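**Student:** work.tsv is reproduced below (TSV, C-alpha atoms and all ligand atoms).
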```tsv
chain	number	residue	atom	x	y	z
W	1	MET	CA	12.73	11.51	-0.25
W	2	ARG	CA	9.54	13.44	0.49
W	3	SER	CA	6.69	12.20	2.67
W	4	THR	CA	3.35	13.80	3.54
W	5	VAL	CA	2.60	14.02	7.27
W	6	TRP	CA	-0.26	15.41	9.30
W	7	GLU	CA	0.94	18.39	11.33
W	8	GLY	CA	-2.34	19.55	12.87
W	9	VAL	CA	-5.87	20.58	11.91
W	10	GLY	CA	-5.71	22.04	8.42
W	11	ARG	CA	-1.92	21.63	8.23
W	12	ILE	CA	-0.27	19.16	5.88
W	13	GLY	CA	3.51	18.97	5.72
W	14	LEU	CA	5.75	17.59	3.00
W	15	VAL	CA	8.89	16.60	4.87
W	16	GLU	CA	12.23	15.09	3.92
W	17	VAL	CA	12.70	11.57	5.38
W	18	GLU	CA	15.06	8.63	4.95
W	19	GLU	CA	14.20	6.25	2.13
W	20	PRO	CA	12.61	3.06	3.48
W	21	VAL	CA	14.69	-0.13	3.46
W	22	PRO	CA	12.74	-3.38	3.08
W	23	GLY	CA	12.94	-6.03	5.80
W	24	PRO	CA	13.10	-9.68	4.69
W	25	ASP	CA	9.39	-9.91	3.79
W	26	ASP	CA	8.81	-6.32	2.70
W	27	VAL	CA	8.67	-4.46	-0.59
W	28	VAL	CA	9.40	-0.81	-1.34
W	29	LEU	CA	7.44	0.89	-4.10
W	30	ASP	CA	7.99	3.98	-6.18
W	31	VAL	CA	4.53	5.51	-5.75
W	32	ALA	CA	2.80	6.20	-9.07
W	33	ALA	CA	-0.62	7.41	-7.88
W	34	CYS	CA	-2.25	7.93	-4.48
W	35	GLY	CA	-5.85	8.98	-3.86
W	36	ILE	CA	-6.96	11.31	-1.10
W	37	CYS	CA	-9.56	9.40	0.94
W	38	GLY	CA	-12.57	10.82	2.77
W	39	SER	CA	-10.89	9.68	5.99
W	40	ASP	CA	-7.76	11.66	5.03
W	41	VAL	CA	-9.96	14.73	4.59
W	42	HIS	CA	-11.53	14.21	8.03
W	43	ALA	CA	-8.01	13.91	9.46
W	44	PHE	CA	-6.91	17.05	7.59
W	45	ALA	CA	-9.94	19.17	8.50
W	46	GLU	CA	-10.86	17.88	11.97
W	47	GLY	CA	-7.90	15.89	13.25
W	48	ALA	CA	-9.97	12.69	13.22
W	49	TRP	CA	-8.18	9.34	13.69
W	50	ILE	CA	-4.65	10.75	13.40
W	51	THR	CA	-1.70	11.94	15.46
W	52	PRO	CA	0.85	14.65	14.56
W	53	GLY	CA	3.68	13.38	12.37
W	54	ALA	CA	1.71	10.41	11.03
W	55	PRO	CA	2.40	9.61	7.36
W	56	MET	CA	-0.68	9.88	5.14
W	57	GLY	CA	-2.09	8.10	2.11
W	58	HIS	CA	-3.42	4.55	1.83
W	59	GLU	CA	-4.96	4.42	-1.68
W	60	PHE	CA	-1.95	3.82	-3.88
W	61	SER	CA	-0.27	1.91	-6.64
W	62	GLY	CA	3.31	1.90	-7.85
W	63	THR	CA	6.33	0.09	-9.22
W	64	VAL	CA	8.38	-2.30	-7.11
W	65	ALA	CA	11.70	-0.54	-6.39
W	66	ALA	CA	13.25	-2.98	-3.87
W	67	VAL	CA	12.31	-6.37	-2.38
W	68	GLY	CA	13.37	-8.08	0.86
W	69	VAL	CA	15.48	-11.25	0.68
W	70	GLY	CA	12.49	-13.44	1.58
W	71	VAL	CA	10.17	-12.09	-1.13
W	72	ARG	CA	10.04	-14.65	-3.93
W	73	ASP	CA	7.05	-13.79	-6.09
W	74	LEU	CA	7.64	-10.09	-6.77
W	75	LYS	CA	10.53	-8.41	-8.49
W	76	VAL	CA	11.86	-4.92	-9.14
W	77	GLY	CA	9.82	-3.31	-11.92
W	78	ASP	CA	6.51	-5.10	-11.19
W	79	ARG	CA	3.52	-2.74	-11.38
W	80	VAL	CA	1.25	-3.31	-8.39
W	81	ALA	CA	-1.93	-2.12	-6.68
W	82	VAL	CA	-1.87	-2.26	-2.88
W	83	ASN	CA	-4.21	-3.63	-0.24
W	84	PRO	CA	-2.92	-1.55	2.70
W	85	MET	CA	-4.76	-3.47	5.44
W	86	GLY	CA	-2.52	-5.49	7.74
W	87	PRO	CA	-4.68	-7.74	9.95
W	88	CYS	CA	-2.85	-9.80	12.59
W	89	GLY	CA	-4.18	-13.10	11.28
W	90	SER	CA	-4.47	-14.66	14.73
W	91	CYS	CA	-7.17	-12.85	16.75
W	92	ARG	CA	-10.73	-14.17	17.03
W	93	GLN	CA	-12.06	-11.86	14.30
W	94	CYS	CA	-9.27	-12.85	11.91
W	95	ALA	CA	-9.93	-16.54	12.67
W	96	LEU	CA	-13.56	-15.98	11.66
W	97	GLY	CA	-12.49	-14.36	8.39
W	98	ARG	CA	-13.52	-10.89	9.55
W	99	THR	CA	-10.04	-9.46	9.08
W	100	ASN	CA	-11.56	-6.00	8.55
W	101	LEU	CA	-12.48	-6.09	12.25
W	102	CYS	CA	-9.06	-7.33	13.41
W	103	ALA	CA	-8.48	-6.47	17.06
W	104	ALA	CA	-4.79	-5.67	16.60
W	105	PRO	CA	-3.85	-4.73	13.03
W	106	VAL	CA	-0.13	-4.82	12.36
W	107	HIS	CA	1.83	-4.18	9.19
W	108	SER	CA	-0.69	-1.72	7.73
W	109	ALA	CA	0.82	0.17	4.80
W	110	ARG	CA	0.63	3.94	5.24
W	111	GLY	CA	2.51	6.75	3.58
W	112	GLY	CA	1.33	6.49	-0.01
W	113	LEU	CA	1.56	10.27	-0.30
W	114	SER	CA	5.34	9.98	-0.57
W	115	ASP	CA	7.97	9.39	-3.24
W	116	LYS	CA	8.44	5.82	-1.98
W	117	VAL	CA	6.53	3.64	0.44
W	118	LEU	CA	7.25	0.45	2.35
W	119	VAL	CA	4.67	-2.36	2.14
W	120	PRO	CA	5.30	-4.82	4.98
W	121	ASN	CA	4.69	-8.55	4.58
W	122	ALA	CA	4.19	-8.12	0.88
W	123	GLU	CA	3.07	-11.14	-1.04
W	124	SER	CA	1.68	-11.20	-4.55
W	125	GLY	CA	-2.08	-11.74	-4.55
W	126	ALA	CA	-2.51	-10.77	-0.90
W	127	ARG	CA	-1.12	-7.32	-0.08
W	128	LEU	CA	0.10	-6.58	-3.59
W	129	HIS	CA	-1.81	-7.30	-6.79
W	130	ARG	CA	0.27	-7.37	-9.97
W	131	MET	CA	-1.51	-5.26	-12.56
W	132	PRO	CA	-1.96	-6.32	-16.18
W	133	ASP	CA	-0.47	-3.95	-18.77
W	134	SER	CA	-3.99	-2.84	-19.66
W	135	MET	CA	-4.49	-1.45	-16.15
W	136	ALA	CA	-3.28	2.07	-15.40
W	137	PHE	CA	-1.68	3.14	-12.11
W	138	GLU	CA	-4.62	5.50	-11.62
W	139	GLU	CA	-6.95	2.51	-11.68
W	140	GLY	CA	-4.70	0.69	-9.23
W	141	ALA	CA	-5.08	3.60	-6.80
W	142	PHE	CA	-8.81	2.79	-6.67
W	143	LEU	CA	-8.27	-0.74	-5.36
W	144	GLU	CA	-8.75	0.47	-1.79
W	145	PRO	CA	-12.03	2.43	-2.16
W	146	LEU	CA	-13.36	-0.23	-4.54
W	147	SER	CA	-12.61	-2.86	-1.88
W	148	VAL	CA	-14.66	-0.86	0.65
W	149	ALA	CA	-17.53	-0.77	-1.86
W	150	THR	CA	-17.20	-4.47	-2.62
W	151	ARG	CA	-17.57	-5.27	1.07
W	152	ALA	CA	-20.71	-3.10	1.36
W	153	VAL	CA	-22.32	-4.75	-1.67
W	154	THR	CA	-21.27	-8.29	-0.73
W	155	SER	CA	-22.52	-8.02	2.84
W	156	ALA	CA	-25.84	-6.42	1.83
W	157	ALA	CA	-26.35	-9.06	-0.91
W	158	PRO	CA	-29.01	-6.99	-2.71
W	159	GLU	CA	-31.59	-8.52	-5.02
W	160	LEU	CA	-30.11	-7.39	-8.32
W	161	ASP	CA	-33.46	-6.88	-10.01
W	162	GLY	CA	-34.92	-5.00	-7.05
W	163	PRO	CA	-34.76	-1.22	-6.65
W	164	ALA	CA	-31.59	0.01	-4.98
W	165	VAL	CA	-30.46	3.46	-3.87
W	166	VAL	CA	-26.96	4.82	-3.29
W	167	SER	CA	-26.94	8.04	-1.27
W	168	GLY	CA	-23.70	9.99	-1.36
W	169	LEU	CA	-21.76	9.83	-4.63
W	170	GLY	CA	-18.29	10.55	-3.31
W	171	SER	CA	-15.68	7.96	-4.20
W	172	ILE	CA	-17.19	5.20	-2.00
W	173	GLY	CA	-20.73	5.77	-3.30
W	174	GLN	CA	-19.44	5.92	-6.88
W	175	CYS	CA	-17.60	2.65	-6.32
W	176	VAL	CA	-20.70	1.05	-4.74
W	177	LEU	CA	-22.68	2.09	-7.81
W	178	ARG	CA	-20.05	0.57	-10.10
W	179	VAL	CA	-19.86	-2.71	-8.17
W	180	LEU	CA	-23.68	-2.96	-8.23
W	181	LEU	CA	-23.78	-2.42	-11.99
W	182	ALA	CA	-20.87	-4.83	-12.57
W	183	HIS	CA	-22.74	-7.46	-10.56
W	184	GLY	CA	-25.83	-6.99	-12.73
W	185	ALA	CA	-28.04	-4.52	-10.83
W	186	ARG	CA	-30.39	-2.79	-13.24
W	187	ASP	CA	-32.60	-0.48	-11.22
W	188	VAL	CA	-30.41	1.89	-9.20
W	189	VAL	CA	-30.84	5.56	-8.28
W	190	GLY	CA	-27.96	7.70	-6.95
W	191	ILE	CA	-28.45	10.75	-4.71
W	192	ASP	CA	-26.02	13.63	-4.16
W	193	VAL	CA	-25.81	17.42	-4.16
W	194	SER	CA	-22.57	17.95	-6.12
W	195	PRO	CA	-22.89	18.57	-9.88
W	196	ALA	CA	-19.53	16.88	-10.58
W	197	ARG	CA	-20.51	13.78	-8.60
W	198	LEU	CA	-24.00	13.58	-10.13
W	199	ALA	CA	-22.44	13.89	-13.60
W	200	ALA	CA	-19.95	11.09	-12.87
W	201	ALA	CA	-22.82	8.78	-11.90
W	202	SER	CA	-25.13	9.68	-14.75
W	203	GLY	CA	-22.22	9.21	-17.18
W	204	LEU	CA	-22.40	5.58	-16.12
W	205	GLY	CA	-26.03	5.38	-17.15
W	206	ALA	CA	-27.32	5.57	-13.57
W	207	GLU	CA	-30.41	7.60	-12.73
W	208	VAL	CA	-29.55	10.40	-10.31
W	209	VAL	CA	-31.37	12.78	-7.99
W	210	ASP	CA	-29.96	16.19	-7.11
W	211	ALA	CA	-31.02	16.56	-3.48
W	212	ARG	CA	-30.67	20.36	-3.76
W	213	ALA	CA	-33.15	20.55	-6.64
W	214	ASP	CA	-35.50	17.67	-5.84
W	215	ASP	CA	-36.88	16.14	-2.65
W	216	PRO	CA	-35.30	12.65	-2.66
W	217	ARG	CA	-38.12	11.22	-0.53
W	218	ALA	CA	-40.85	12.34	-2.94
W	219	TYR	CA	-38.73	11.24	-5.89
W	220	LEU	CA	-38.13	7.71	-4.58
W	221	LEU	CA	-41.76	7.18	-3.49
W	222	ASP	CA	-42.93	8.42	-6.87
W	223	ARG	CA	-40.33	6.38	-8.77
W	224	TRP	CA	-41.11	3.02	-7.20
W	225	GLY	CA	-44.44	3.60	-5.48
W	226	THR	CA	-45.48	3.27	-1.88
W	227	SER	CA	-46.16	0.15	0.12
W	228	THR	CA	-48.52	-0.23	3.02
W	229	SER	CA	-48.38	-2.65	5.87
W	230	PRO	CA	-50.78	-2.82	8.82
W	231	TYR	CA	-48.32	-0.60	10.64
W	232	GLN	CA	-47.12	2.04	8.22
W	233	VAL	CA	-46.70	3.47	4.77
W	234	GLY	CA	-43.31	3.26	3.14
W	235	GLY	CA	-41.47	2.86	-0.10
W	236	ASN	CA	-40.43	-0.11	-2.21
W	237	VAL	CA	-36.65	0.19	-2.21
W	238	GLY	CA	-35.00	-3.21	-1.68
W	239	THR	CA	-31.55	-2.04	-0.58
W	240	PHE	CA	-30.39	1.43	0.43
W	241	PHE	CA	-26.64	2.07	0.53
W	242	GLU	CA	-25.92	5.09	2.76
W	243	CYS	CA	-22.50	6.45	1.78
W	244	SER	CA	-22.99	10.19	2.39
W	245	GLY	CA	-22.62	10.42	6.15
W	246	ALA	CA	-25.45	12.98	6.08
W	247	PRO	CA	-27.67	12.33	9.14
W	248	PRO	CA	-31.05	12.91	7.35
W	249	MET	CA	-30.24	10.09	4.93
W	250	ILE	CA	-30.69	7.46	7.65
W	251	THR	CA	-34.23	8.70	8.27
W	252	LEU	CA	-34.89	8.68	4.54
W	253	ALA	CA	-33.47	5.16	4.21
W	254	THR	CA	-35.67	3.56	6.87
W	255	GLU	CA	-38.71	5.25	5.36
W	256	VAL	CA	-38.26	4.40	1.67
W	257	VAL	CA	-37.01	0.82	2.12
W	258	ARG	CA	-39.71	-1.83	1.88
W	259	ALA	CA	-40.51	-4.34	4.62
W	260	GLY	CA	-37.79	-6.97	4.78
W	261	GLY	CA	-35.35	-4.67	3.00
W	262	THR	CA	-31.78	-3.69	3.84
W	263	VAL	CA	-30.10	-0.45	4.87
W	264	SER	CA	-26.33	-0.73	4.44
W	265	VAL	CA	-24.41	2.05	6.17
W	266	ALA	CA	-20.93	2.59	4.77
W	267	GLY	CA	-20.56	6.32	5.46
W	268	LEU	CA	-19.25	7.57	8.79
W	269	VAL	CA	-21.51	10.26	10.20
W	270	GLY	CA	-19.48	11.84	13.00
W	271	ALA	CA	-22.73	12.36	14.92
W	272	SER	CA	-25.60	10.28	16.32
W	273	PRO	CA	-28.55	10.80	14.00
W	274	PRO	CA	-31.99	9.74	15.21
W	275	VAL	CA	-32.98	6.31	13.89
W	276	ASP	CA	-36.66	5.40	13.70
W	277	LEU	CA	-36.34	2.07	15.47
W	278	ASP	CA	-40.09	1.38	15.40
W	279	THR	CA	-39.83	1.36	11.63
W	280	VAL	CA	-36.76	-0.89	11.79
W	281	VAL	CA	-38.75	-3.31	13.97
W	282	GLN	CA	-42.09	-3.19	12.16
W	283	LYS	CA	-40.56	-3.52	8.70
W	284	GLU	CA	-38.02	-6.05	9.97
W	285	LEU	CA	-35.24	-4.06	8.28
W	286	ARG	CA	-31.69	-5.26	8.20
W	287	LEU	CA	-29.60	-2.30	9.38
W	288	LEU	CA	-26.03	-3.24	8.45
W	289	GLY	CA	-22.76	-1.47	9.07
W	290	SER	CA	-19.98	-2.04	6.58
W	291	PHE	CA	-16.41	-1.23	7.56
W	292	ALA	CA	-13.25	-1.48	5.44
W	293	TYR	CA	-12.78	-4.86	3.72
W	294	THR	CA	-11.26	-8.32	3.94
W	295	GLY	CA	-8.65	-9.91	1.70
W	296	PRO	CA	-11.35	-11.64	-0.42
W	297	ASP	CA	-13.16	-8.29	-0.85
W	298	ALA	CA	-9.92	-6.73	-2.15
W	299	THR	CA	-9.30	-9.70	-4.45
W	300	GLU	CA	-12.80	-9.30	-5.92
W	301	ALA	CA	-12.29	-5.53	-6.31
W	302	PHE	CA	-8.99	-6.17	-8.08
W	303	ARG	CA	-10.71	-8.62	-10.43
W	304	LEU	CA	-13.30	-5.98	-11.35
W	305	LEU	CA	-10.51	-3.50	-12.16
W	306	ALA	CA	-8.14	-5.90	-13.93
W	307	ASP	CA	-10.91	-7.38	-16.09
W	308	GLY	CA	-12.18	-3.93	-17.01
W	309	LEU	CA	-15.60	-4.56	-15.43
W	310	VAL	CA	-15.63	-1.20	-13.67
W	311	ASP	CA	-14.44	2.09	-15.10
W	312	VAL	CA	-13.04	4.35	-12.40
W	313	THR	CA	-11.04	6.74	-14.59
W	314	PRO	CA	-13.94	9.23	-14.97
W	315	LEU	CA	-13.88	9.64	-11.17
W	316	VAL	CA	-10.45	11.32	-11.28
W	317	SER	CA	-11.31	15.00	-11.11
W	318	HIS	CA	-7.82	16.29	-10.29
W	319	ARG	CA	-4.23	15.09	-10.74
W	320	ILE	CA	-1.89	17.09	-8.50
W	321	PRO	CA	1.89	16.56	-8.17
W	322	LEU	CA	3.28	15.56	-4.78
W	323	SER	CA	5.08	18.91	-4.42
W	324	ARG	CA	1.59	20.53	-4.19
W	325	VAL	CA	0.03	17.93	-1.87
W	326	ALA	CA	-1.53	20.54	0.45
W	327	GLU	CA	-3.51	21.84	-2.52
W	328	ALA	CA	-4.70	18.27	-3.17
W	329	PHE	CA	-6.28	18.20	0.32
W	330	ASP	CA	-7.98	21.55	-0.29
W	331	ARG	CA	-9.39	20.27	-3.58
W	332	GLN	CA	-10.68	16.99	-2.09
W	333	HIS	CA	-12.19	18.95	0.80
W	334	ALA	CA	-14.20	21.09	-1.68
W	335	VAL	CA	-17.08	18.68	-2.24
W	336	ASP	CA	-18.73	20.62	-5.04
W	337	GLY	CA	-15.82	20.56	-7.45
W	338	SER	CA	-14.14	17.21	-6.85
W	339	VAL	CA	-14.83	13.51	-7.03
W	340	LYS	CA	-11.41	11.91	-6.51
W	341	VAL	CA	-8.18	13.85	-6.23
W	342	LEU	CA	-5.09	11.82	-7.13
W	343	VAL	CA	-1.59	12.81	-6.13
W	344	VAL	CA	0.98	11.86	-8.76
W	345	PRO	CA	4.79	12.14	-9.00
W	346	ASP	CA	6.20	15.50	-10.01
W	347	PRO	CA	7.15	15.73	-13.67
W	348	GLN	CA	10.74	14.62	-14.27
W	349	GLU	CA	13.13	17.49	-14.87
W	350	SER	CA	14.91	17.11	-18.18
T	1	ZN	ZN	-9.59	5.10	1.87
T	2	ZN	ZN	-6.58	-10.02	13.83
```
Any chance you could give the structure as structure tokens?
**Tutor:**
Amino acid sequence: MRSTVWEGVGRIGLVEVEEPVPGPDDVVLDVAACGICGSDVHAFAEGAWITPGAPMGHEFSGTVAAVGVGVRDLKVGDRVAVNPMGPCGSCRQCALGRTNLCAAPVHSARGGLSDKVLVPNAESGARLHRMPDSMAFEEGAFLEPLSVATRAVTSAAPELDGPAVVSGLGSIGQCVLRVLLAHGARDVVGIDVSPARLAAASGLGAEVVDARADDPRAYLLDRWGTSTSPYQVGGNVGTFFECSGAPPMITLATEVVRAGGTVSVAGLVGASPPVDLDTVVQKELRLLGSFAYTGPDATEAFRLLADGLVDVTPLVSHRIPLSRVAEAFDRQHAVDGSVKVLVVPDPQES
């Protein structure tokens, strides 16, 4: 079978490998859809967080093709969405329920950009979520980014009637926007520079700002007014979700958020942007990082998908067969034209 591996900066290989064989507690899937993640693009373009030969792809869904002898609650033919995280379950972070911060992850499922993939320690409802017939494989491939978004929203716990901003409308920002709306937020503005991404957010009914055409700072201060404290002037945004990784957005966030508000940072920056700490102090801002997700975050994300409470299908900008996987990376890397690139099986030859 074919498997996508990282061969070096800008070099993606599709190599022939042995088909995986499930151990007693494992499941092998025929992959039906696998998204290209922002982290995959950083690996592709910069060599971030990856070593040569590593299999790629962690946002996937598929059909159970083989089960280990110890797997009781899944069978061949089940359609499943995958939580690829494999926390150890026994370190201090795991004991505290912060499995996203596990000190020694084991059993993570990687290699979704392949014909088949092994999911270790597979158990229905934990690693694998059985999809209802109404749920498409493409939607299942969004379980992972939607779980990241669910964690960001859950940990920030925004006031749903208060103004909120999502900066960066790539797949994580789009998912944050969808989770906010599904949870009842009514006053949300999205910021981006890509026409395709702005269109995907406004199609949802969200108000959007094109940061190339408008000054987001002026827009947000005009939209919700300014606030004054004895120490400074600022905006009235309750919660600001930074998903773009663009350094100037952190400065914007601390300025436009009101005193006592929250800045949730879910985008990796790859640099050390200046942070106005006096503002953080004087406004008593909560500056929160949000990384990956826990099992309960993934379960909540799956509920939103399975119950049809979020619509992710409009985010799929490209469907590219596995045989052209290198092209899929180029497409996802081109921010202006893509939202989410999905890699799908090659058409069956008849
Ligand atoms: Zn991802
Ligand atoms: Zn752990």
**Student:** Could you tell me, counting all atoms listed in the file, which protein and nucleic acid residues lie no more than 7 Å from ligand ZN 1 (chain T), written as a PyMOL selection string?
**Tutor:** chain W and resi 37-39+58-59+144-145
**Student:** With 8 Å as the cut-off and all atoms listed in the file counted, what is the closest atom pair between each nearby residue of chain W and ligand ZN 2 (chain T)? Distances in Å to one decimal, ordered by chain and number, as CSV.
**Tutor:**
```
residue,atom,partner,partner_atom,distance
W:Pro87,CA,T:ZN2,ZN,4.9
W:Cys88,CA,T:ZN2,ZN,3.9
W:Gly89,CA,T:ZN2,ZN,4.7
W:Ser90,CA,T:ZN2,ZN,5.2
W:Cys91,CA,T:ZN2,ZN,4.1
W:Arg92,CA,T:ZN2,ZN,6.7
W:Gln93,CA,T:ZN2,ZN,5.8
W:Cys94,CA,T:ZN2,ZN,4.4
W:Ala95,CA,T:ZN2,ZN,7.4
W:Thr99,CA,T:ZN2,ZN,5.9
W:Leu101,CA,T:ZN2,ZN,7.3
W:Cys102,CA,T:ZN2,ZN,3.7
W:Ala103,CA,T:ZN2,ZN,5.2
W:Ala104,CA,T:ZN2,ZN,5.5
W:Pro105,CA,T:ZN2,ZN,6.0
```
**Student:** Find, counting only C-alpha atoms, the residue in W:Ala218, W:Val237, W:Ala253, W:Val106 that gets nearest to Pro158 of chain W.
**Tutor:** W:Val237
**Student:** Which neighbours of Val5 of chain W fall inside 6 Å, counting only C-alpha atoms, when residues of the same chain fewer than 2 positions from it are skipped, and could you give them as a PyMOL selection string?
**Tutor:** chain W and resi 13+53-56
**Student:** To one decimal place, how far is atom CA of His333 of chain W from atom CA of Phe44 of chain W in Å?
**Tutor:**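 Calculated distance between atom CA of His333 of chain W and atom CA of Phe44 of chain W is 8.8 Å.
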**Student:** Distance atom CA of Leu342 of chain W-atom CA of Pro84 of chain W, one decimal place?
**Tutor:**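 Pair atom CA of Leu342 of chain W / atom CA of Pro84 of chain W returns 16.7 Å.
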